[in-house]
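Text of work.txt (compact mmCIF, C-alpha atoms) as supplied:
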# COMPACT_ATOMS: atom_id res chain seq x y z
CA MET Q 1 -60.77 118.50 -46.49
CA ARG Q 2 -59.71 118.28 -42.87
CA ARG Q 3 -62.23 121.03 -42.02
CA LEU Q 4 -65.08 118.92 -43.36
CA ALA Q 5 -64.22 115.98 -41.12
CA ALA Q 6 -63.66 118.30 -38.17
CA ALA Q 7 -67.17 119.60 -38.68
CA LEU Q 8 -68.46 116.05 -38.77
CA THR Q 9 -66.70 115.27 -35.50
CA ALA Q 10 -68.05 118.39 -33.85
CA ALA Q 11 -71.55 117.58 -35.04
CA LEU Q 12 -71.34 114.14 -33.51
CA ALA Q 13 -70.15 115.57 -30.20
CA LEU Q 14 -73.18 117.85 -30.12
CA GLY Q 15 -75.51 115.03 -31.13
CA VAL Q 16 -76.87 116.89 -34.16
CA GLY Q 17 -76.77 116.31 -37.89
CA LEU Q 18 -74.84 118.36 -40.38
CA THR Q 19 -77.92 119.46 -42.30
CA ALA Q 20 -81.50 120.36 -41.56
CA CYS Q 21 -82.63 116.77 -42.01
CA GLY Q 22 -85.55 114.85 -40.59
CA GLU Q 23 -85.22 112.68 -37.50
CA SER Q 24 -85.17 109.54 -39.65
CA ASP Q 25 -81.96 110.59 -41.39
CA PRO Q 26 -78.87 108.99 -39.83
CA VAL Q 27 -76.18 111.18 -38.37
CA ALA Q 28 -72.76 110.73 -39.96
CA GLY Q 29 -70.78 107.94 -38.32
CA THR Q 30 -73.85 106.04 -37.10
CA THR Q 31 -75.51 102.90 -38.45
CA THR Q 32 -79.08 101.76 -38.68
CA GLY Q 33 -80.44 98.23 -38.62
CA GLU Q 34 -78.65 95.16 -37.28
CA THR Q 35 -75.05 95.71 -36.18
CA ARG Q 36 -72.08 93.71 -34.89
CA GLU Q 37 -69.25 94.82 -32.62
CA ILE Q 38 -65.76 94.54 -34.05
CA THR Q 39 -62.68 94.89 -31.85
CA HIS Q 40 -59.77 96.32 -33.81
CA ALA Q 41 -56.58 98.40 -33.59
CA MET Q 42 -58.41 101.54 -32.51
CA GLY Q 43 -60.97 100.04 -30.12
CA THR Q 44 -64.44 98.55 -30.58
CA THR Q 45 -66.84 99.66 -33.30
CA LYS Q 46 -70.40 98.74 -34.19
CA VAL Q 47 -70.61 97.96 -37.90
CA PRO Q 48 -73.55 96.98 -40.11
CA ALA Q 49 -74.26 93.25 -40.16
CA GLU Q 50 -74.18 93.40 -43.97
CA PRO Q 51 -72.37 96.56 -45.15
CA LYS Q 52 -73.37 97.72 -48.60
CA ARG Q 53 -71.21 100.79 -49.24
CA VAL Q 54 -67.63 100.05 -48.26
CA VAL Q 55 -64.61 102.35 -48.62
CA VAL Q 56 -61.15 100.77 -48.36
CA LEU Q 57 -57.97 102.71 -47.63
CA ASP Q 58 -55.20 100.15 -48.15
CA THR Q 59 -54.23 97.78 -50.93
CA ASP Q 60 -54.78 94.66 -48.84
CA LYS Q 61 -58.33 95.73 -48.15
CA ILE Q 62 -59.35 96.09 -51.77
CA ASP Q 63 -57.90 92.61 -52.37
CA THR Q 64 -59.88 91.34 -49.38
CA ALA Q 65 -63.15 92.95 -50.41
CA LEU Q 66 -62.93 91.69 -54.00
CA SER Q 67 -61.85 88.22 -52.87
CA LEU Q 68 -64.97 88.08 -50.70
CA GLY Q 69 -67.26 89.22 -53.51
CA ILE Q 70 -67.70 92.83 -52.37
CA THR Q 71 -66.93 95.72 -54.70
CA PRO Q 72 -65.98 98.83 -52.70
CA VAL Q 73 -67.64 102.10 -53.61
CA GLY Q 74 -64.32 103.86 -53.01
CA ALA Q 75 -60.67 102.94 -52.64
CA ALA Q 76 -57.37 104.72 -52.04
CA THR Q 77 -54.52 104.13 -54.48
CA ALA Q 78 -50.91 103.19 -53.78
CA GLY Q 79 -48.62 106.21 -54.25
CA GLU Q 80 -46.26 105.72 -57.19
CA ALA Q 81 -48.34 102.91 -58.65
CA ARG Q 82 -51.61 104.86 -58.45
CA SER Q 83 -53.63 101.83 -59.40
CA TRP Q 84 -55.86 99.14 -58.01
CA PRO Q 85 -55.28 95.38 -58.31
CA THR Q 86 -55.85 94.74 -62.00
CA TYR Q 87 -55.26 91.03 -61.41
CA PHE Q 88 -58.95 90.80 -60.48
CA GLY Q 89 -59.92 92.05 -63.94
CA GLU Q 90 -60.95 95.53 -65.02
CA ASP Q 91 -64.65 94.64 -64.81
CA LYS Q 92 -64.32 94.11 -61.06
CA LEU Q 93 -62.87 97.61 -60.66
CA ALA Q 94 -65.47 99.43 -62.72
CA GLY Q 95 -67.42 101.96 -60.70
CA ILE Q 96 -64.96 102.24 -57.80
CA LYS Q 97 -64.20 105.88 -57.00
CA GLU Q 98 -60.71 107.06 -56.07
CA VAL Q 99 -60.50 108.52 -52.56
CA GLY Q 100 -56.92 109.76 -52.34
CA VAL Q 101 -53.76 107.78 -51.66
CA LEU Q 102 -52.93 105.44 -48.80
CA THR Q 103 -51.22 108.00 -46.61
CA GLU Q 104 -53.56 110.90 -47.45
CA PRO Q 105 -57.19 109.81 -47.84
CA ASP Q 106 -59.53 112.34 -49.42
CA LEU Q 107 -62.07 112.86 -46.66
CA GLU Q 108 -64.45 114.94 -48.79
CA ALA Q 109 -64.54 112.25 -51.47
CA ILE Q 110 -65.14 109.56 -48.85
CA ASN Q 111 -67.97 111.51 -47.24
CA ALA Q 112 -69.61 112.10 -50.63
CA LEU Q 113 -69.83 108.33 -51.17
CA LYS Q 114 -71.96 107.92 -48.00
CA PRO Q 115 -70.18 104.75 -46.87
CA ASP Q 116 -71.60 102.48 -44.20
CA LEU Q 117 -68.16 100.98 -43.43
CA ILE Q 118 -64.57 102.19 -43.82
CA LEU Q 119 -61.61 99.80 -43.63
CA GLY Q 120 -58.16 101.23 -43.01
CA SER Q 121 -54.81 100.72 -41.32
CA LYS Q 122 -53.46 102.24 -38.12
CA PHE Q 123 -49.99 102.00 -39.63
CA ARG Q 124 -50.94 104.30 -42.50
CA GLN Q 125 -53.93 106.38 -41.42
CA GLU Q 126 -53.95 106.61 -37.62
CA LYS Q 127 -54.07 110.43 -37.61
CA PHE Q 128 -57.25 110.36 -39.71
CA TYR Q 129 -59.14 107.85 -37.61
CA ASP Q 130 -61.39 110.22 -35.65
CA GLU Q 131 -62.35 112.09 -38.81
CA LEU Q 132 -63.08 108.89 -40.69
CA ALA Q 133 -65.10 107.47 -37.79
CA ALA Q 134 -67.22 110.63 -37.87
CA ILE Q 135 -68.20 109.76 -41.44
CA ALA Q 136 -68.96 106.06 -40.97
CA PRO Q 137 -68.08 103.08 -38.74
CA THR Q 138 -64.34 102.60 -39.24
CA VAL Q 139 -62.26 99.48 -38.58
CA PHE Q 140 -58.45 99.63 -38.58
CA THR Q 141 -55.95 96.79 -38.66
CA GLU Q 142 -52.70 97.37 -36.74
CA LYS Q 143 -49.87 96.65 -39.20
CA VAL Q 144 -49.35 95.77 -42.85
CA GLY Q 145 -47.52 92.92 -44.51
CA ILE Q 146 -46.34 90.77 -41.62
CA THR Q 147 -49.89 90.37 -40.26
CA TRP Q 148 -51.61 90.01 -43.61
CA LYS Q 149 -53.45 86.83 -42.67
CA GLU Q 150 -54.77 88.27 -39.40
CA ASN Q 151 -55.77 91.43 -41.27
CA PHE Q 152 -57.64 89.39 -43.87
CA LEU Q 153 -59.64 87.59 -41.20
CA LEU Q 154 -60.42 90.80 -39.26
CA ASP Q 155 -61.52 92.66 -42.38
CA GLY Q 156 -63.53 89.63 -43.46
CA LYS Q 157 -65.31 89.69 -40.11
CA ALA Q 158 -66.03 93.42 -40.46
CA LEU Q 159 -67.47 92.77 -43.91
CA GLY Q 160 -69.78 90.09 -42.55
CA LYS Q 161 -67.83 87.37 -44.39
CA GLU Q 162 -65.93 85.78 -41.49
CA GLN Q 163 -66.42 82.11 -42.43
CA GLN Q 164 -65.80 82.75 -46.12
CA ALA Q 165 -62.53 84.50 -45.23
CA LYS Q 166 -61.44 81.57 -43.07
CA ASP Q 167 -62.26 79.15 -45.87
CA LEU Q 168 -60.36 81.14 -48.50
CA LEU Q 169 -57.29 81.42 -46.28
CA THR Q 170 -57.31 77.71 -45.53
CA THR Q 171 -57.68 76.89 -49.22
CA TYR Q 172 -54.73 79.13 -50.09
CA GLU Q 173 -52.49 77.68 -47.34
CA THR Q 174 -53.30 74.14 -48.41
CA ARG Q 175 -52.54 74.97 -52.03
CA ALA Q 176 -49.21 76.62 -51.16
CA LYS Q 177 -48.10 73.68 -49.03
CA GLU Q 178 -49.12 71.12 -51.65
CA PHE Q 179 -47.22 73.03 -54.34
CA GLY Q 180 -44.03 72.95 -52.30
CA THR Q 181 -44.47 69.26 -51.56
CA LYS Q 182 -44.85 68.45 -55.26
CA LEU Q 183 -41.54 70.17 -56.01
CA GLY Q 184 -39.79 67.58 -53.89
CA ASP Q 185 -36.76 69.75 -53.15
CA ALA Q 186 -38.48 73.02 -52.23
CA ALA Q 187 -36.27 73.85 -49.24
CA ASN Q 188 -33.14 73.51 -51.36
CA ARG Q 189 -34.30 76.10 -53.90
CA LYS Q 190 -33.16 79.54 -52.76
CA ILE Q 191 -35.69 82.13 -53.93
CA SER Q 192 -34.52 85.75 -54.09
CA ILE Q 193 -37.07 88.57 -54.04
CA VAL Q 194 -35.85 91.95 -55.31
CA ARG Q 195 -37.82 95.17 -55.61
CA PHE Q 196 -36.81 98.43 -57.22
CA VAL Q 197 -38.40 101.50 -55.61
CA PRO Q 198 -37.47 105.08 -56.54
CA GLY Q 199 -33.91 105.58 -55.31
CA ASN Q 200 -33.56 102.16 -53.67
CA ILE Q 201 -33.07 98.46 -54.29
CA ARG Q 202 -34.69 96.21 -51.72
CA VAL Q 203 -34.32 92.53 -50.89
CA TYR Q 204 -37.34 91.06 -49.15
CA GLY Q 205 -37.15 88.95 -46.01
CA PRO Q 206 -39.31 86.28 -44.36
CA ASP Q 207 -41.71 88.76 -42.69
CA SER Q 208 -42.70 90.53 -45.91
CA PHE Q 209 -45.93 89.61 -47.68
CA SER Q 210 -44.22 87.83 -50.56
CA GLY Q 211 -41.66 86.34 -48.16
CA ILE Q 212 -44.47 84.82 -46.09
CA VAL Q 213 -46.04 83.33 -49.22
CA ILE Q 214 -42.69 81.81 -50.23
CA GLY Q 215 -42.40 80.42 -46.69
CA ASP Q 216 -45.88 78.89 -46.91
CA THR Q 217 -44.69 76.80 -49.87
CA GLY Q 218 -41.60 75.57 -48.04
CA LEU Q 219 -39.24 77.09 -50.60
CA GLY Q 220 -35.86 78.24 -49.30
CA ARG Q 221 -34.36 81.72 -49.25
CA PRO Q 222 -30.78 82.97 -49.74
CA GLU Q 223 -29.00 83.51 -46.43
CA ARG Q 224 -28.73 87.25 -47.15
CA GLN Q 225 -32.53 87.49 -47.31
CA GLN Q 226 -33.18 85.69 -44.04
CA LEU Q 227 -32.28 89.03 -42.35
CA ALA Q 228 -31.26 87.00 -39.31
CA ASN Q 229 -29.53 89.91 -37.58
CA LYS Q 230 -32.22 92.47 -38.35
CA GLU Q 231 -35.03 93.48 -36.01
CA ASP Q 232 -37.19 94.30 -39.04
CA LYS Q 233 -37.28 91.20 -41.22
CA ARG Q 234 -39.52 92.64 -43.92
CA PHE Q 235 -36.83 94.03 -46.22
CA ASP Q 236 -33.33 95.45 -46.39
CA LEU Q 237 -31.58 97.85 -48.76
CA VAL Q 238 -28.88 97.00 -51.26
CA SER Q 239 -26.91 99.58 -53.23
CA PRO Q 240 -26.30 99.20 -56.99
CA GLU Q 241 -22.64 98.58 -56.15
CA ARG Q 242 -23.63 95.61 -53.96
CA VAL Q 243 -26.15 94.08 -56.32
CA ASN Q 244 -24.28 90.78 -56.08
CA GLU Q 245 -26.06 90.38 -52.71
CA VAL Q 246 -29.41 89.76 -54.40
CA ASP Q 247 -28.34 86.49 -56.02
CA GLY Q 248 -30.17 83.19 -55.54
CA ASP Q 249 -31.10 80.08 -57.45
CA VAL Q 250 -34.06 82.02 -58.83
CA ILE Q 251 -34.65 85.79 -58.69
CA PHE Q 252 -38.08 87.40 -58.85
CA VAL Q 253 -37.92 91.12 -59.63
CA THR Q 254 -40.54 93.89 -59.34
CA ALA Q 255 -40.55 97.68 -59.77
CA TYR Q 256 -42.76 100.18 -57.94
CA GLY Q 257 -43.86 102.73 -60.52
CA GLU Q 258 -42.35 104.07 -63.73
CA LYS Q 259 -39.33 105.79 -62.16
CA ALA Q 260 -38.33 102.59 -60.39
CA ALA Q 261 -38.80 100.62 -63.60
CA GLY Q 262 -36.31 102.96 -65.28
CA GLU Q 263 -33.81 102.39 -62.48
CA GLN Q 264 -34.38 98.65 -62.76
CA ALA Q 265 -33.60 98.74 -66.47
CA LYS Q 266 -30.36 100.60 -65.82
CA VAL Q 267 -29.15 98.25 -63.07
CA THR Q 268 -30.12 95.05 -64.87
CA ALA Q 269 -28.26 96.20 -67.97
CA GLY Q 270 -25.03 96.47 -65.95
CA SER Q 271 -22.21 93.96 -65.66
CA LEU Q 272 -22.76 93.29 -61.94
CA TRP Q 273 -26.33 92.17 -62.54
CA LYS Q 274 -25.39 90.15 -65.59
CA GLY Q 275 -22.75 88.38 -63.48
CA LEU Q 276 -25.33 86.94 -61.04
CA SER Q 277 -25.57 83.16 -61.19
CA ALA Q 278 -29.37 83.24 -61.55
CA VAL Q 279 -29.09 85.67 -64.47
CA LYS Q 280 -26.49 83.50 -66.18
CA ALA Q 281 -28.75 80.47 -65.71
CA GLY Q 282 -31.77 82.30 -67.16
CA LYS Q 283 -33.58 82.06 -63.83
CA THR Q 284 -34.52 85.73 -63.34
CA TYR Q 285 -38.16 86.70 -63.79
CA VAL Q 286 -39.87 90.10 -63.78
CA VAL Q 287 -43.21 89.82 -61.98
CA SER Q 288 -46.05 92.17 -61.07
CA ASP Q 289 -45.37 94.60 -58.24
CA GLU Q 290 -49.07 94.91 -57.46
CA ILE Q 291 -49.23 91.17 -56.89
CA TRP Q 292 -45.94 90.48 -55.11
CA MET Q 293 -45.72 93.71 -53.11
CA THR Q 294 -48.90 95.77 -52.80
CA GLY Q 295 -51.60 93.10 -53.10
CA ILE Q 296 -51.06 91.81 -49.54
CA GLY Q 297 -54.17 89.64 -49.60
CA VAL Q 298 -55.34 86.13 -50.36
CA GLY Q 299 -56.05 87.03 -53.99
CA ALA Q 300 -52.49 88.26 -54.53
CA ALA Q 301 -51.07 85.33 -52.55
CA ASN Q 302 -52.71 82.88 -54.93
CA LYS Q 303 -51.33 84.85 -57.88
CA ILE Q 304 -47.82 84.53 -56.42
CA VAL Q 305 -48.31 80.78 -56.26
CA ASP Q 306 -49.45 80.96 -59.90
CA ASP Q 307 -46.10 82.59 -60.74
CA LEU Q 308 -44.18 79.98 -58.77
CA GLU Q 309 -45.97 77.21 -60.62
CA LYS Q 310 -45.26 78.90 -63.95
CA TYR Q 311 -41.56 79.50 -63.42
CA LEU Q 312 -40.45 76.69 -61.10
CA THR Q 313 -42.17 73.76 -62.76
CA ALA Q 314 -41.40 74.61 -66.39

Output the file's structure in the form of structure tokens.
Amino acid sequence: MRRLAAALTAALALGVGLTACGESDPVAGTTTGETREITHAMGTTKVPAEPKRVVVLDTDKIDTALSLGITPVGAATAGEARSWPTYFGEDKLAGIKEVGVLTEPDLEAINALKPDLILGSKFRQEKFYDELAAIAPTVFTEKVGITWKENFLLDGKALGKEQQAKDLLTTYETRAKEFGTKLGDAANRKISIVRFVPGNIRVYGPDSFSGIVIGDTGLGRPERQQLANKEDKRFDLVSPERVNEVDGDVIFVTAYGEKAAGEQAKVTAGSLWKGLSAVKAGKTYVVSDEIWMTGIGVGAANKIVDDLEKYLTA
């Protein structure tokens, strides 16, 4: 796989194609027709004005593409979950080809799809950038989660949907704020976000994707999940013996994959979990991991607000 991309890179350096093709055939990594320059985490790249065959290598980017009405020809899957965002509906996912996982894209599969644009993340795929750029124009965002809104706008621009992306983000932010206002006492409601991953229990802070969405509504967070003394305010770990630290007025719980779901079942069946005030009050809700954790886009953000409306206004 790596050899294929290396060959592509070498071919580009020599200014020749990979096959005995005519002069009208584009060399891998080049574009024809009208282009736009996009400045991104890895530099500046010329991309097609209206890309038609897009490959996405992170979960936020498949959310972005589908939210903007573009169905990728290929997409990477998220590790343990090994799925795409089903909250868009299975019909929207039909025809998308799997191209490896987030941290290990399948370069041969990507090349076979003949993409005219690749969207990825420096945080996850930096070491593959040169090889990907040899296949097609490639745009990388810098981080994940904390910069999800900036990523959405950059990817929207790369997809030729800049104004639509701005409009969708504004609509979401307005909706989130209005929801919190309607609650009346949003800031006084302490929302706990707990995720089970294989071998770990996490509490999510204000700089996580779901934490940012909660913040957009004006809802409060338990003091433990403010992560005030932490440099990284995305999440922190809690052991099963310290599960009392995940308490709040309301607890939203997710699990990343089947193994984590098994660990969740074991912990939530225990006396420590059952002793939490939110559990006793019947205010603990299991929600979708692909929405609250791996969606990381405006589509998923709106689905989180759907959940908040469902459970906090009942």

Proximity to Val197 in chain Q - best of Q:Val47, Q:Val238, Q:Ile296, Q:Ile38, only C-alpha atoms: Q:Val238

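Compared by their closest atoms to Asn111 in chain Q, and using only C-alpha atoms, the residues Q:Gln125, Q:Leu183, Q:Gly95, Q:Ala136 rank with Q:Ala136 nearest.
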
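Candidate residues Q:Leu102, Q:Ile191, Q:Ala165, Q:Val246 were compared for distance to Lys122 in chain Q, and the nearest is Q:Leu102, using only C-alpha atoms.
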
Within 10 Å of file point (-40.4, 87.9, -46.2), counting all atoms listed in the file, expressed as a count of residues only: 23

Nearest residue to Asp63 in chain Q from the set Q:Phe88, Q:Tyr285, Q:Phe252, Q:Tyr172 (distances using all atoms listed in the file):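 Counting all atoms listed in the file, the residue closest to Asp63 in chain Q is Q:Phe88.
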
Surrounding residues of Arg195 in chain Q excluding itself and chain neighbours under 5 positions, 9 Å, only C-alpha atoms, as a list in words: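 Non-adjacent residues within range: Asn200, Ile201, Arg202, Val203, Tyr204, Phe252, Val253, Thr254, Ala255, Tyr256, Ala260, Gln264, Asp289 and Met293 of chain Q.
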
Minimum-distance residue to Ala176 in chain Q, chosen among Q:Glu241, Q:Glu309, Q:Glu223, Q:Glu150 (using only C-alpha atoms):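 For Ala176 in chain Q, the nearest of the candidates is Q:Glu309.
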
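The residue that comes closest to Thr77 in chain Q, out of Q:Thr181, Q:Ser192, Q:Thr64, Q:Thr103 and on the basis of all atoms listed in the file, is Q:Thr103.
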
Neighbour list for Leu117 in chain Q as a ChimeraX atom specification, cut-off 12 Å, only C-alpha atoms, skip fewer than 5 positions in-chain: /Q:28-32,35-36,38,45-57,65,72-74,110-111,132-140,155,158-160

Point-to-point distance in Å for CA of Phe152 in chain Q and CA of Lys97 in chain Q: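 Going from CA of Lys97 in chain Q over to CA of Phe152 in chain Q, I get 22.1 Å.
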
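Near Gly180 in chain Q, within a cut-off of 10 Å and counting only C-alpha atoms, sit the residues Arg175, Ala176, Lys177, Leu183, Gly184, Asp185, Ala186, Ala187, Ile214, Gly215, Asp216, Thr217, Gly218, Leu219, Val305, Leu308 and Glu309 of chain Q, with same-chain residues fewer than 3 positions away left out.
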
Point-to-point distance from CA of Glu178 in chain Q to CA of Ser67 in chain Q, Å rounded to tenths: 21.4 Å

Starting from the sparse input, extend range 205-216 of chain Q to all heavy atoms and give the output as a compact mmCIF listing (two decimals), keeping the file's coordinate frame.
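Once written, out.txt looks like this:
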# COMPACT_ATOMS: atom_id res chain seq x y z
N GLY Q 205 -37.40 89.99 -46.99
CA GLY Q 205 -37.15 88.95 -46.01
C GLY Q 205 -38.37 88.10 -45.70
O GLY Q 205 -39.42 88.23 -46.32
N PRO Q 206 -38.26 87.25 -44.69
CA PRO Q 206 -39.31 86.28 -44.36
C PRO Q 206 -40.58 86.89 -43.78
O PRO Q 206 -41.62 86.24 -43.77
CB PRO Q 206 -38.64 85.35 -43.34
CG PRO Q 206 -37.56 86.19 -42.73
CD PRO Q 206 -37.05 87.06 -43.84
N ASP Q 207 -40.52 88.14 -43.27
CA ASP Q 207 -41.71 88.76 -42.69
C ASP Q 207 -42.43 89.69 -43.65
O ASP Q 207 -43.39 90.36 -43.27
CB ASP Q 207 -41.33 89.54 -41.42
CG ASP Q 207 -41.02 88.62 -40.25
OD1 ASP Q 207 -41.25 87.40 -40.38
OD2 ASP Q 207 -40.56 89.12 -39.21
N SER Q 208 -41.98 89.76 -44.90
CA SER Q 208 -42.70 90.53 -45.91
C SER Q 208 -43.86 89.70 -46.44
O SER Q 208 -43.91 88.48 -46.25
CB SER Q 208 -41.76 90.88 -47.06
OG SER Q 208 -41.32 89.70 -47.73
N PHE Q 209 -44.79 90.34 -47.12
CA PHE Q 209 -45.93 89.61 -47.68
C PHE Q 209 -45.47 88.50 -48.61
O PHE Q 209 -45.80 87.33 -48.42
CB PHE Q 209 -46.85 90.58 -48.42
CG PHE Q 209 -47.88 89.90 -49.28
CD1 PHE Q 209 -48.80 89.02 -48.73
CD2 PHE Q 209 -47.91 90.11 -50.65
CE1 PHE Q 209 -49.75 88.37 -49.52
CE2 PHE Q 209 -48.84 89.48 -51.45
CZ PHE Q 209 -49.77 88.61 -50.89
N SER Q 210 -44.66 88.85 -49.61
CA SER Q 210 -44.22 87.83 -50.56
C SER Q 210 -43.30 86.82 -49.89
O SER Q 210 -43.30 85.63 -50.23
CB SER Q 210 -43.52 88.47 -51.76
OG SER Q 210 -42.53 89.38 -51.36
N GLY Q 211 -42.52 87.26 -48.90
CA GLY Q 211 -41.66 86.34 -48.16
C GLY Q 211 -42.48 85.31 -47.38
O GLY Q 211 -42.09 84.14 -47.29
N ILE Q 212 -43.60 85.74 -46.82
CA ILE Q 212 -44.47 84.82 -46.09
C ILE Q 212 -45.08 83.79 -47.05
O ILE Q 212 -45.16 82.60 -46.74
CB ILE Q 212 -45.58 85.59 -45.35
CG1 ILE Q 212 -44.98 86.40 -44.20
CG2 ILE Q 212 -46.66 84.65 -44.82
CD1 ILE Q 212 -45.93 87.40 -43.56
N VAL Q 213 -45.48 84.25 -48.24
CA VAL Q 213 -46.04 83.33 -49.22
C VAL Q 213 -45.00 82.28 -49.63
O VAL Q 213 -45.30 81.09 -49.70
CB VAL Q 213 -46.57 84.08 -50.46
CG1 VAL Q 213 -47.04 83.09 -51.53
CG2 VAL Q 213 -47.72 85.01 -50.07
N ILE Q 214 -43.76 82.75 -49.90
CA ILE Q 214 -42.69 81.81 -50.23
C ILE Q 214 -42.50 80.81 -49.09
O ILE Q 214 -42.35 79.60 -49.30
CB ILE Q 214 -41.37 82.56 -50.50
CG1 ILE Q 214 -41.50 83.45 -51.74
CG2 ILE Q 214 -40.21 81.57 -50.67
CD1 ILE Q 214 -41.74 82.72 -53.03
N GLY Q 215 -42.53 81.29 -47.85
CA GLY Q 215 -42.40 80.42 -46.69
C GLY Q 215 -43.52 79.41 -46.59
O GLY Q 215 -43.30 78.26 -46.19
N ASP Q 216 -44.74 79.80 -46.96
CA ASP Q 216 -45.88 78.89 -46.91
C ASP Q 216 -45.70 77.71 -47.86
O ASP Q 216 -46.28 76.64 -47.65
CB ASP Q 216 -47.17 79.62 -47.25
CG ASP Q 216 -47.65 80.53 -46.13
OD1 ASP Q 216 -47.22 80.34 -44.98
OD2 ASP Q 216 -48.47 81.43 -46.41
